[in-house]
Amino acid sequence: MYDVHDLTRQLQKSNDSKIVMLVGDGLGGLPLEPGGKTELETASTPNLDAVARRGTLGQTIPVLPGITPGSGPGHLGLFGYDPLKYQIGRGVLEALGIDFELGPNDVAIRGNFCTIDDAGLITDRRAGRISSEQAAPICEKLHNGVKIPGVEVFVKHVKEYRLVICFRAPGLEGEVHDTDPQKTGVKALDPVAKAPGSQRTAEIAKEFLRQAKEILKDCSPANFLTMRGIDKKPPIPTFEEVYGLKAGALAVYPMYRGLARLVSMDILDAGQTLDDQCEQLKKSWNDYDFFFIHFKYTDSSGEDGDFKKKVAKTEELDTAIPKIMALNPTVLIVTGDHSTPSKMKSHSWHPVPTMIVADTCRFDGSTSFGESECRKGGLGTFEAKYLMPMALAHAGRLEKFGA
């Protein structure tokens, strides 16, 4: 099958256009009752609705129909990288997101502190979402306390209950199953190799967890941890190489900075709030051709099953639109990496509301930005990996193909 990146390399051209991709993480939702409105449709979003009347709407499929994506595949698809070809472990993304340099002998792991009872059953998968101030010293305790012969072990705090673990030794492979069972009332799973070459990594992970359990036994509520995304950093082409765009990323959470760093975007100081991100966008406007702005809270509120909070966070996302549009971007993309319906309290396979706003749009008569309007929109329903070529085309950054 032809790689679309081969085509964008061949056809890319330079101009002074600016492309902004605003990603509301987990943006898509579901109505609580049949015939009702989703979170996005319930929210008061006058600014998103106004630009929808200037643009073209549609729906993106992050991976394939019916497949529920993680955040990694979801974002790689938005960046135009086939998530089935570039399968990246979450540990790699978290490590890159905190500027931990991964070498050829490293296996990276995303850790979640959790709470277990006396029987070893998980009672809280996120240890009560402990604060960073609580979690950082616990990470230091693990970093200094776990000793595995022949292996360098690094433990670094990320944010709140999240951490990065890195094993460094010659000959290690990734591809080890997660230990997070994704539910409470059960024990954490054992690390199991997905391939014969990963058996040593699985054994090292098991020994790490054995020692960690002892070290953390008195650290309430973070008295254990689970592992996710156990893998090595793969080779991947850069964003500038495949699109001819100098890209800057404005993301608060480390994992999303890691996703941007993976494709060699520059990581800009995003502060802590959406206002901070918009202010940095303005300051950096003349330095980049493409900006990725990530907003986390439409996802976390959905995962919490809090419909009203997701509505409120969607309304907060709406406030960024006038600040972005004041800079007069050539192309504005508004989308999500996946859907996270509050009704399901999890990521889902549902197509994601997507909008392109540009002077070169073919207007489709949309009057607002929501799932129902996007389902009828002129972009149709398409795989997210084709969104970047569409953005390039609207920005006049692709030459004609063929004679």
# chains A, B, ... in the order shown; residues from 1 in each chain; ligands from 1

call {"tool": "select_by_dssp", "arguments": {"residues": "stretch 144-249 of chain A", "states": "strand (DSSP E or B)", "output": "NGL selection string"}}
result
:A and (148 or 151-159 or 162-168 or 176 or 187 or 193 or 224-231 or 247-249)

call {"tool": "closest_atom_pairs", "arguments": {"of": "stretch 188-282 of chain A", "to": "stretch 77-89 of chain A", "cutoff": "7 Å", "atoms": "only C-alpha atoms", "output": "CSV"}}
result
residue,atom,partner,partner_atom,distance
A:Gly229,CA,A:Gly89,CA,4.2
A:Ile230,CA,A:Gly89,CA,5.9
A:Asp231,CA,A:Gly89,CA,5.1

call {"tool": "write_last_selection", "arguments": {"atoms": "C-alpha atoms", "output": "mmCIF file, in the first residue's frame"}}
result
data_model
loop_
_atom_site.group_PDB
_atom_site.id
_atom_site.type_symbol
_atom_site.label_atom_id
_atom_site.label_comp_id
_atom_site.auth_asym_id
_atom_site.auth_seq_id
_atom_site.Cartn_x
_atom_site.Cartn_y
_atom_site.Cartn_z
ATOM 1 C CA GLY A 229 3.005 0.691 27.568
ATOM 2 C CA ILE A 230 6.167 -1.357 28.178
ATOM 3 C CA ASP A 231 8.204 -0.746 25.033
#

call {"tool": "atom_distance", "arguments": {"atom1": "atom CA of A:Ala312", "atom2": "atom CA of A:Thr367"}}
result
20.9 Å

call {"tool": "residues_around", "arguments": {"residues": "stretch 338-354 of chain A", "least_positions_apart": "5", "cutoff": "7 Å", "atoms": "only C-alpha atoms", "output": "list in words"}}
result
Asp25, Gly26, Leu27, Gly28, Gly29, Leu30, Leu32, Leu57, Gly58, Gln59, Thr60, Ile61, Pro62, Gly66, Ile67, Thr68, Pro69, Gly74, Asp299, Gly302, Glu303, Asp304, Gly305, Asp306, Phe307, Gly370, Glu371 and Cys374 of chain A

call {"tool": "closest_residue", "arguments": {"among": "A:Lys156, A:Lys13, A:Arg162, A:Lys323", "to": "A:Ala393", "atoms": "only C-alpha atoms"}}
result
A:Lys13

call {"tool": "closest_residue", "arguments": {"among": "A:Lys310, A:Lys213, A:His177, A:Lys282", "to": "A:Leu189", "atoms": "only C-alpha atoms"}}
result
A:His177

call {"tool": "residues_around", "arguments": {"residues": "A:Gly24", "least_positions_apart": "2", "cutoff": "8 Å", "atoms": "only C-alpha atoms", "output": "list in words"}}
result
Leu22, Gly26, Leu27, His294, Phe295, Lys296, Tyr297, Thr298, Asp299, Thr314, Leu317, Val334, Thr335, Gly336 and Asp337 of chain A
